Amino acid sequence: MIPGGGQPNMQQLLQQAQQMQQDLAVAQEELAGTEVEGQAGGGLVKATVTGSGELRALVIDPGAVDPEDTETLADLVVAAVQAANQNAQQLQQEKLGPLAQGLGGGGGGLPGLPF
């Protein structure tokens with residue numbers, strides 16, 4: 001029930017929306033600056049991505065390098081990057097999920113965002 005029985009205070013609604021947008025921007029900046037890791041092959045290949053999914057580093061243990069079997073190494077690299085990206089998506093959900101719900105996402109996230 002709206003106090004006074006009138007229309008909602010549009011200025012107040014606008015301020016709330018602007019605050020949520022600012023909170024979302026801050027959370028996205030934090031994600032871009034946070035690094036998460038994924039690994040494959042028991043740690044033979046490690047990938048580091050930002051919380052927003054940008055690949056920052058790739059470490060390959062020399063034991064994973066077999067010149068006769070580059071396919072396995074490629075598979076390990078892909079698996080490590082995928083694991084890191086899954087960790088980044090989980091971090092996105094933790095940071096942005098409550099904000100997305102506040103913006104009307106209802107748990108479904110924001111259109112165009114991967115959560």
# chains A, B, ... in the order shown; residues from 1 in each chain; ligands from 1
$ residues_around --residues "Gly51 of chain A" --least-positions-apart "3" --cutoff "10 Å" --atoms "only C-alpha atoms" --output "CSV table (one decimal) with all heavy atoms, in the first residue's frame"
chain,number,residue,atom,x,y,z
A,28,GLN,N,30.5,-4.6,-11.0
A,28,GLN,CA,31.2,-5.0,-12.3
A,28,GLN,C,32.6,-4.6,-12.3
A,28,GLN,O,33.5,-5.4,-12.7
A,28,GLN,CB,30.4,-4.4,-13.5
A,28,GLN,CG,29.1,-5.1,-13.7
A,28,GLN,CD,28.3,-4.4,-14.8
A,28,GLN,OE1,28.3,-3.2,-14.9
A,28,GLN,NE2,27.5,-5.1,-15.5
A,29,GLU,N,33.0,-3.4,-11.7
A,29,GLU,CA,34.4,-3.0,-11.6
A,29,GLU,C,35.1,-4.0,-10.7
A,29,GLU,O,36.3,-4.4,-11.0
A,29,GLU,CB,34.5,-1.6,-11.1
A,29,GLU,CG,34.1,-0.5,-12.1
A,29,GLU,CD,34.3,0.9,-11.5
A,29,GLU,OE1,35.2,1.1,-10.7
A,29,GLU,OE2,33.5,1.7,-11.9
A,30,GLU,N,34.5,-4.4,-9.6
A,30,GLU,CA,35.2,-5.3,-8.7
A,30,GLU,C,35.4,-6.6,-9.4
A,30,GLU,O,36.5,-7.2,-9.2
A,30,GLU,CB,34.3,-5.5,-7.4
A,30,GLU,CG,34.3,-4.3,-6.5
A,30,GLU,CD,33.3,-4.5,-5.3
A,30,GLU,OE1,32.8,-5.6,-5.1
A,30,GLU,OE2,33.2,-3.6,-4.5
A,31,LEU,N,34.4,-7.1,-10.1
A,31,LEU,CA,34.6,-8.4,-10.9
A,31,LEU,C,35.8,-8.3,-11.8
A,31,LEU,O,36.6,-9.2,-12.0
A,31,LEU,CB,33.3,-8.7,-11.6
A,31,LEU,CG,32.2,-9.3,-10.8
A,31,LEU,CD1,30.9,-9.4,-11.7
A,31,LEU,CD2,32.6,-10.7,-10.3
A,32,ALA,N,35.9,-7.1,-12.6
A,32,ALA,CA,36.9,-7.0,-13.5
A,32,ALA,C,38.3,-7.0,-12.9
A,32,ALA,O,39.3,-7.4,-13.5
A,32,ALA,CB,36.7,-5.7,-14.3
A,33,GLY,N,38.4,-6.6,-11.6
A,33,GLY,CA,39.6,-6.6,-10.9
A,33,GLY,C,40.0,-7.8,-10.1
A,33,GLY,O,41.0,-7.9,-9.5
A,34,THR,N,39.0,-8.7,-10.0
A,34,THR,CA,39.2,-9.9,-9.2
A,34,THR,C,39.6,-11.1,-10.2
A,34,THR,O,39.1,-11.2,-11.2
A,34,THR,CB,37.9,-10.3,-8.5
A,34,THR,OG1,37.4,-9.2,-7.7
A,34,THR,CG2,38.0,-11.6,-7.7
A,35,GLU,N,40.6,-11.8,-9.7
A,35,GLU,CA,41.1,-13.0,-10.5
A,35,GLU,C,40.7,-14.3,-9.9
A,35,GLU,O,40.7,-14.4,-8.7
A,35,GLU,CB,42.6,-12.9,-10.7
A,35,GLU,CG,43.0,-11.7,-11.6
A,35,GLU,CD,44.5,-11.7,-11.9
A,35,GLU,OE1,45.3,-12.5,-11.3
A,35,GLU,OE2,44.9,-10.9,-12.7
A,36,VAL,N,40.2,-15.2,-10.7
A,36,VAL,CA,39.9,-16.6,-10.3
A,36,VAL,C,40.7,-17.6,-11.1
A,36,VAL,O,41.1,-17.2,-12.2
A,36,VAL,CB,38.4,-16.9,-10.3
A,36,VAL,CG1,37.6,-16.0,-9.3
A,36,VAL,CG2,37.8,-16.6,-11.7
A,37,GLU,N,40.9,-18.7,-10.6
A,37,GLU,CA,41.7,-19.7,-11.3
A,37,GLU,C,40.9,-21.0,-11.5
A,37,GLU,O,40.0,-21.3,-10.8
A,37,GLU,CB,42.9,-20.1,-10.4
A,37,GLU,CG,43.9,-21.0,-11.1
A,37,GLU,CD,45.1,-21.3,-10.2
A,37,GLU,OE1,46.0,-20.4,-10.2
A,37,GLU,OE2,45.1,-22.3,-9.5
A,48,THR,N,44.0,-18.4,-15.3
A,48,THR,CA,43.5,-17.4,-14.5
A,48,THR,C,42.7,-16.4,-15.3
A,48,THR,O,43.2,-15.9,-16.4
A,48,THR,CB,44.7,-16.6,-13.8
A,48,THR,OG1,45.5,-17.6,-13.1
A,48,THR,CG2,44.2,-15.5,-12.8
A,54,GLU,N,37.8,-12.4,-18.5
A,54,GLU,CA,39.0,-12.2,-19.4
A,54,GLU,C,40.2,-13.0,-18.9
A,54,GLU,O,40.6,-13.0,-17.8
A,54,GLU,CB,39.4,-10.7,-19.2
A,54,GLU,CG,40.6,-10.3,-20.0
A,54,GLU,CD,41.0,-8.9,-19.8
A,54,GLU,OE1,40.2,-8.1,-19.3
A,54,GLU,OE2,42.2,-8.5,-20.1
A,55,LEU,N,40.7,-13.8,-19.9
A,55,LEU,CA,41.9,-14.6,-19.6
A,55,LEU,C,43.1,-13.8,-19.3
A,55,LEU,O,43.5,-12.9,-20.1
A,55,LEU,CB,42.2,-15.6,-20.8
A,55,LEU,CG,43.3,-16.6,-20.6
A,55,LEU,CD1,43.0,-17.5,-19.5
A,55,LEU,CD2,43.5,-17.3,-21.9
A,84,ALA,N,38.1,-22.1,-15.1
A,84,ALA,CA,38.3,-20.8,-14.6
A,84,ALA,C,37.0,-19.9,-14.9
A,84,ALA,O,36.6,-19.1,-14.1
A,84,ALA,CB,39.5,-20.1,-15.2
A,85,ASN,N,36.5,-20.1,-16.2
A,85,ASN,CA,35.3,-19.3,-16.5
A,85,ASN,C,34.1,-19.7,-15.7
A,85,ASN,O,33.3,-18.9,-15.4
A,85,ASN,CB,35.0,-19.5,-18.0
A,85,ASN,CG,35.9,-18.5,-18.9
A,85,ASN,OD1,36.2,-17.4,-18.5
A,85,ASN,ND2,36.3,-19.0,-20.0
A,86,GLN,N,34.0,-21.0,-15.4
A,86,GLN,CA,32.9,-21.4,-14.5
A,86,GLN,C,33.0,-20.8,-13.1
A,86,GLN,O,32.0,-20.3,-12.5
A,86,GLN,CB,32.9,-22.9,-14.3
A,86,GLN,CG,32.3,-23.7,-15.6
A,86,GLN,CD,32.4,-25.2,-15.5
A,86,GLN,OE1,33.1,-25.7,-14.6
A,86,GLN,NE2,31.7,-25.9,-16.3
A,87,ASN,N,34.2,-20.7,-12.6
A,87,ASN,CA,34.5,-20.0,-11.3
A,87,ASN,C,34.1,-18.5,-11.4
A,87,ASN,O,33.6,-17.9,-10.5
A,87,ASN,CB,35.9,-20.2,-10.9
A,87,ASN,CG,36.2,-21.7,-10.5
A,87,ASN,OD1,35.3,-22.4,-10.1
A,87,ASN,ND2,37.4,-22.1,-10.5
A,88,ALA,N,34.5,-17.9,-12.6
A,88,ALA,CA,34.1,-16.5,-12.8
A,88,ALA,C,32.6,-16.3,-12.8
A,88,ALA,O,32.1,-15.3,-12.3
A,88,ALA,CB,34.8,-16.0,-14.1
A,89,GLN,N,31.9,-17.2,-13.5
A,89,GLN,CA,30.5,-17.1,-13.5
A,89,GLN,C,29.8,-17.3,-12.2
A,89,GLN,O,28.9,-16.6,-11.8
A,89,GLN,CB,29.9,-18.1,-14.5
A,89,GLN,CG,30.1,-17.8,-15.9
A,89,GLN,CD,29.5,-18.8,-16.9
A,89,GLN,OE1,29.1,-19.9,-16.5
A,89,GLN,NE2,29.5,-18.5,-18.2
A,90,GLN,N,30.4,-18.2,-11.4
A,90,GLN,CA,29.9,-18.3,-10.0
A,90,GLN,C,30.1,-17.0,-9.2
A,90,GLN,O,29.2,-16.6,-8.5
A,90,GLN,CB,30.6,-19.5,-9.3
A,90,GLN,CG,30.1,-19.8,-7.9
A,90,GLN,CD,30.7,-21.0,-7.3
A,90,GLN,OE1,31.5,-21.7,-7.9
A,90,GLN,NE2,30.4,-21.2,-6.0
A,91,LEU,N,31.3,-16.4,-9.4
A,91,LEU,CA,31.6,-15.2,-8.7
A,91,LEU,C,30.6,-14.1,-9.2
A,91,LEU,O,30.1,-13.3,-8.4
A,91,LEU,CB,33.0,-14.8,-9.0
A,91,LEU,CG,33.5,-13.5,-8.3
A,91,LEU,CD1,33.5,-13.6,-6.8
A,91,LEU,CD2,34.9,-13.2,-8.8
A,92,GLN,N,30.3,-14.0,-10.5
A,92,GLN,CA,29.4,-13.1,-11.0
A,92,GLN,C,28.0,-13.2,-10.4
A,92,GLN,O,27.4,-12.2,-10.0
A,92,GLN,CB,29.2,-13.2,-12.5
A,92,GLN,CG,30.4,-12.8,-13.3
A,92,GLN,CD,30.3,-13.1,-14.8
A,92,GLN,OE1,29.2,-13.6,-15.3
A,92,GLN,NE2,31.3,-12.8,-15.6
A,95,LYS,N,28.1,-11.8,-6.8
A,95,LYS,CA,28.2,-10.4,-6.8
A,95,LYS,C,27.0,-9.7,-7.4
A,95,LYS,O,26.6,-8.7,-6.9
A,95,LYS,CB,29.5,-9.9,-7.5
A,95,LYS,CG,30.8,-10.2,-6.7
A,95,LYS,CD,31.4,-9.0,-6.2
A,95,LYS,CE,32.7,-9.3,-5.5
A,95,LYS,NZ,32.9,-8.4,-4.4
$ select_by_dssp --residues "segment 19-107 of chain A" --states "strand (DSSP E)" --output "list in words"
Glu35, Val36, Glu37, Gly38, Gln39, Ala40, Val45, Lys46, Ala47, Thr48, Val49, Thr50, Leu55, Arg56, Ala57, Leu58, Val59 and Ile60 of chain A
$ closest_residue --among "A:Ala17, A:Leu44, A:Leu96, A:Ala57" --to "Ala74 of chain A" --atoms "only C-alpha atoms"
A:Leu44
$ atom_distance --atom1 "atom CA of Gln11 of chain A" --atom2 "atom CA of Ala27 of chain A"
24.3 Å
$ closest_residue --among "A:Glu68, A:Asp23, A:Asp61, A:Asp75" --to "Val45 of chain A" --atoms "only C-alpha atoms"
A:Asp61
